[in-house]
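Novice: Below you will find the structure I want to go over with you.
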Amino acid sequence: MNFIQDNQSYSYRGTLRGLHFQKSEAAQAKLVRVTKGSAYDVAVDLRPDSPTFKQSYGVELNEENNLQFFIPRGFAHAFVALQDNTIFQYKVDNYYSSVNDGGVIWNYEELAITWPKLKLEMSDKDKNLPKLNQLDLNTLW
């Protein structure tokens, strides 16, 4: 992997960010970790030809377990902060492109993601992401 940029976000308990992805030539792989606090992190395979298409995987990342989670290109990514003052860091292998920014609504039933039982807060952007069946997945990658 040739990571070209490091990013960091700061979140309060219950803040959900995602499910996000970068499409086309701006697709990104990410290596994520939590350096302070705790987060439940989720990746969803959106590659139509993949044997794990539409499957998700979630893991708790926190300052004590020091786990890192690799999210390949072609996956949507989200996390929810489990504690106040959670610092989430991620490395990416491609630059952000607002033109190629995409996402899927966090609670799309077909993905069957089991989120932590918290009162969730999110941006208007994340509240209004499309359902998976509203995307032409064959044109994303």
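Just remember, in the structure tokens the first chain shown is A, the second B, etc., residues are 1-based per chain, and ligands are 1-based in the order shown.
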Tell me which protein, DNA and RNA residues are within 9 Å of Val59 of chain A, counting only C-alpha atoms, leaving out same-chain ones fewer than 6 positions away, and put them as a ChimeraX atom specification.
Specialist: /A:39-42,67,69
Novice: Emit the selected residues as a PDB file, in the first residue's frame, including all heavy atoms.
Specialist:
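What landed in selection25.pdb:
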ATOM      1  N   ALA A  39     -14.733   3.155  19.141  1.00  0.00           N
ATOM      2  CA  ALA A  39     -15.682   3.267  18.030  1.00  0.00           C
ATOM      3  C   ALA A  39     -16.025   1.882  17.509  1.00  0.00           C
ATOM      4  O   ALA A  39     -15.206   0.961  17.557  1.00  0.00           O
ATOM      5  CB  ALA A  39     -15.105   4.121  16.909  1.00  0.00           C
ATOM      6  N   TYR A  40     -17.241   1.748  17.016  1.00  0.00           N
ATOM      7  CA  TYR A  40     -17.638   0.551  16.289  1.00  0.00           C
ATOM      8  C   TYR A  40     -17.493   0.894  14.815  1.00  0.00           C
ATOM      9  O   TYR A  40     -18.120   1.832  14.322  1.00  0.00           O
ATOM     10  CB  TYR A  40     -19.076   0.149  16.620  1.00  0.00           C
ATOM     11  CG  TYR A  40     -19.489  -1.123  15.935  1.00  0.00           C
ATOM     12  CD1 TYR A  40     -18.935  -2.338  16.312  1.00  0.00           C
ATOM     13  CD2 TYR A  40     -20.417  -1.106  14.907  1.00  0.00           C
ATOM     14  CE1 TYR A  40     -19.304  -3.523  15.680  1.00  0.00           C
ATOM     15  CE2 TYR A  40     -20.796  -2.277  14.277  1.00  0.00           C
ATOM     16  CZ  TYR A  40     -20.231  -3.480  14.659  1.00  0.00           C
ATOM     17  OH  TYR A  40     -20.587  -4.641  14.030  1.00  0.00           O
ATOM     18  N   ASP A  41     -16.650   0.137  14.116  1.00  0.00           N
ATOM     19  CA  ASP A  41     -16.291   0.434  12.740  1.00  0.00           C
ATOM     20  C   ASP A  41     -16.866  -0.626  11.809  1.00  0.00           C
ATOM     21  O   ASP A  41     -16.827  -1.817  12.127  1.00  0.00           O
ATOM     22  CB  ASP A  41     -14.767   0.476  12.626  1.00  0.00           C
ATOM     23  CG  ASP A  41     -14.304   1.200  11.395  1.00  0.00           C
ATOM     24  OD1 ASP A  41     -14.403   2.433  11.391  1.00  0.00           O
ATOM     25  OD2 ASP A  41     -13.866   0.531  10.443  1.00  0.00           O
ATOM     26  N   VAL A  42     -17.386  -0.201  10.656  1.00  0.00           N
ATOM     27  CA  VAL A  42     -18.066  -1.107   9.729  1.00  0.00           C
ATOM     28  C   VAL A  42     -17.579  -0.872   8.299  1.00  0.00           C
ATOM     29  O   VAL A  42     -17.437   0.279   7.864  1.00  0.00           O
ATOM     30  CB  VAL A  42     -19.597  -0.896   9.767  1.00  0.00           C
ATOM     31  CG1 VAL A  42     -20.301  -1.729   8.721  1.00  0.00           C
ATOM     32  CG2 VAL A  42     -20.145  -1.197  11.147  1.00  0.00           C
ATOM     33  N   LEU A  67      -6.341  -2.175  17.857  1.00  0.00           N
ATOM     34  CA  LEU A  67      -6.579  -2.824  16.577  1.00  0.00           C
ATOM     35  C   LEU A  67      -6.606  -1.789  15.449  1.00  0.00           C
ATOM     36  O   LEU A  67      -6.981  -0.632  15.658  1.00  0.00           O
ATOM     37  CB  LEU A  67      -7.912  -3.573  16.589  1.00  0.00           C
ATOM     38  CG  LEU A  67      -8.009  -4.776  17.522  1.00  0.00           C
ATOM     39  CD1 LEU A  67      -9.434  -5.347  17.491  1.00  0.00           C
ATOM     40  CD2 LEU A  67      -7.000  -5.842  17.122  1.00  0.00           C
ATOM     41  N   PHE A  69      -7.966  -1.584  11.229  1.00  0.00           N
ATOM     42  CA  PHE A  69      -8.911  -2.227  10.331  1.00  0.00           C
ATOM     43  C   PHE A  69      -8.628  -1.717   8.925  1.00  0.00           C
ATOM     44  O   PHE A  69      -8.635  -0.503   8.682  1.00  0.00           O
ATOM     45  CB  PHE A  69     -10.326  -1.861  10.782  1.00  0.00           C
ATOM     46  CG  PHE A  69     -11.454  -2.565  10.089  1.00  0.00           C
ATOM     47  CD1 PHE A  69     -11.327  -3.821   9.530  1.00  0.00           C
ATOM     48  CD2 PHE A  69     -12.691  -1.943  10.015  1.00  0.00           C
ATOM     49  CE1 PHE A  69     -12.391  -4.452   8.912  1.00  0.00           C
ATOM     50  CE2 PHE A  69     -13.774  -2.562   9.407  1.00  0.00           C
ATOM     51  CZ  PHE A  69     -13.616  -3.825   8.852  1.00  0.00           C
TER      52      PHE A  69
END
Novice: Applying 8 Å and only C-alpha atoms, which residues near Ser56 of chain A remain after dropping the ones on its own chain fewer than 3 positions away? List them as a list in words.
Specialist: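 So, after excluding close chain neighbours, the residues are Val42, Ala43, Val44, Asp45, Leu111 and Ile113 of chain A.
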Novice: Which residue gives the smallest distance to Met122 of chain A among A:Leu31, A:Leu46, A:Val80, A:Met1, with only C-alpha atoms counted?
Specialist: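 The shortest atom-to-atom distance to Met122 of chain A comes from A:Val80.
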Novice: Write out as number ranges by chain which residues come within 12 Å of Asn65 of chain A when counting only C-alpha atoms, dropping same-chain ones fewer than 4 positions away.
Specialist: A: 33-39, 59-61, 69
Novice: Taking 2 positions as the minimum chain separation for residues in the same chain, which residues sit within 12 Å of Asn138 of chain A when counting only C-alpha atoms? Answer as number ranges by chain.
Specialist: A: 23-24, 46-50, 74, 133, 135-136, 140-141
Novice: Which of these, A:Val32, A:Ile87, A:Leu82, A:Val92, has the shortest distance to Gln68 of chain A once you count only C-alpha atoms?
Specialist: A:Val32
Novice: Excluding Gly103 of chain A and its own-chain neighbours fewer than 6 positions away, which residues fall within 8 Å of it when counting only C-alpha atoms? Please give them as a short mmCIF file (atom, residue, chain, number, x, y, z; two decimals) with N, CA, C and O atoms, in the first residue's frame.
Specialist:
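Ended up saving to part.cif:
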data_model
loop_
_atom_site.label_atom_id
_atom_site.label_comp_id
_atom_site.auth_asym_id
_atom_site.auth_seq_id
_atom_site.Cartn_x
_atom_site.Cartn_y
_atom_site.Cartn_z
N GLY A 18 -20.98 8.05 8.08
CA GLY A 18 -20.98 7.06 7.00
C GLY A 18 -22.38 6.59 6.67
O GLY A 18 -23.35 7.09 7.22
N LEU A 19 -22.44 5.68 5.82
CA LEU A 19 -21.48 4.85 5.10
C LEU A 19 -20.95 5.62 3.88
O LEU A 19 -21.73 5.94 2.98
N HIS A 20 -19.66 5.86 3.83
CA HIS A 20 -19.05 6.67 2.78
C HIS A 20 -18.15 5.84 1.89
O HIS A 20 -17.61 4.82 2.30
N PHE A 21 -17.95 6.33 0.68
CA PHE A 21 -16.95 5.78 -0.24
C PHE A 21 -16.57 6.84 -1.25
O PHE A 21 -17.27 7.83 -1.42
N ALA A 76 -17.84 0.48 1.26
CA ALA A 76 -18.35 1.64 1.99
C ALA A 76 -17.86 1.51 3.43
O ALA A 76 -17.67 0.40 3.93
N LEU A 129 -28.25 10.14 2.77
CA LEU A 129 -27.58 9.31 1.77
C LEU A 129 -28.60 8.37 1.11
O LEU A 129 -29.60 7.99 1.73
N PRO A 130 -28.34 7.97 -0.13
CA PRO A 130 -29.31 7.11 -0.83
C PRO A 130 -29.30 5.67 -0.30
O PRO A 130 -28.35 5.23 0.34
#
Novice: Go through segment 35-124 of chain A and collect every residue that DSSP, computed from the backbone, puts in strand (DSSP E or B); the answer should be as JSON, numbers by chain.
Specialist: {"A": [35, 36, 38, 39, 40, 41, 42, 43, 44, 45, 56, 57, 58, 59, 60, 61, 62, 68, 69, 70, 71, 75, 76, 77, 78, 79, 80, 81, 86, 87, 88, 89, 90, 91, 92, 101, 102, 103, 121]}
Novice: How far is it from atom CA of Lys125 of chain A to atom CA of Arg17 of chain A, in Å with one decimal?
Specialist: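 Interatomic distance, atom CA of Lys125 of chain A to atom CA of Arg17 of chain A: 9.6 Å.
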Novice: Nearest residue to His77 of chain A out of A:Lys131, A:Arg13, A:Lys54, A:Lys30, using only C-alpha atoms?
Specialist: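 The closest residue to His77 of chain A is A:Lys30.
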Novice: Under the rule that only C-alpha atoms are counted, which of A:Leu16, A:Ile71, A:Ile105, A:Leu118 is the nearest residue to Ala29 of chain A?
Specialist: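 Closest candidate: A:Ile71.
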Novice: Using only C-alpha atoms, find the one residue out of A:Glu121, A:Asn94, A:Gly102, A:Pro116 that sits nearest to Asn2 of chain A.
Specialist: A:Asn94
Novice: Mind giving me the straight-line distance from atom CA of Phe88 of chain A to atom CA of Leu132 of chain A in Å, one decimal?
Specialist: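 Separation of atom CA of Phe88 of chain A and atom CA of Leu132 of chain A: 25.6 Å.
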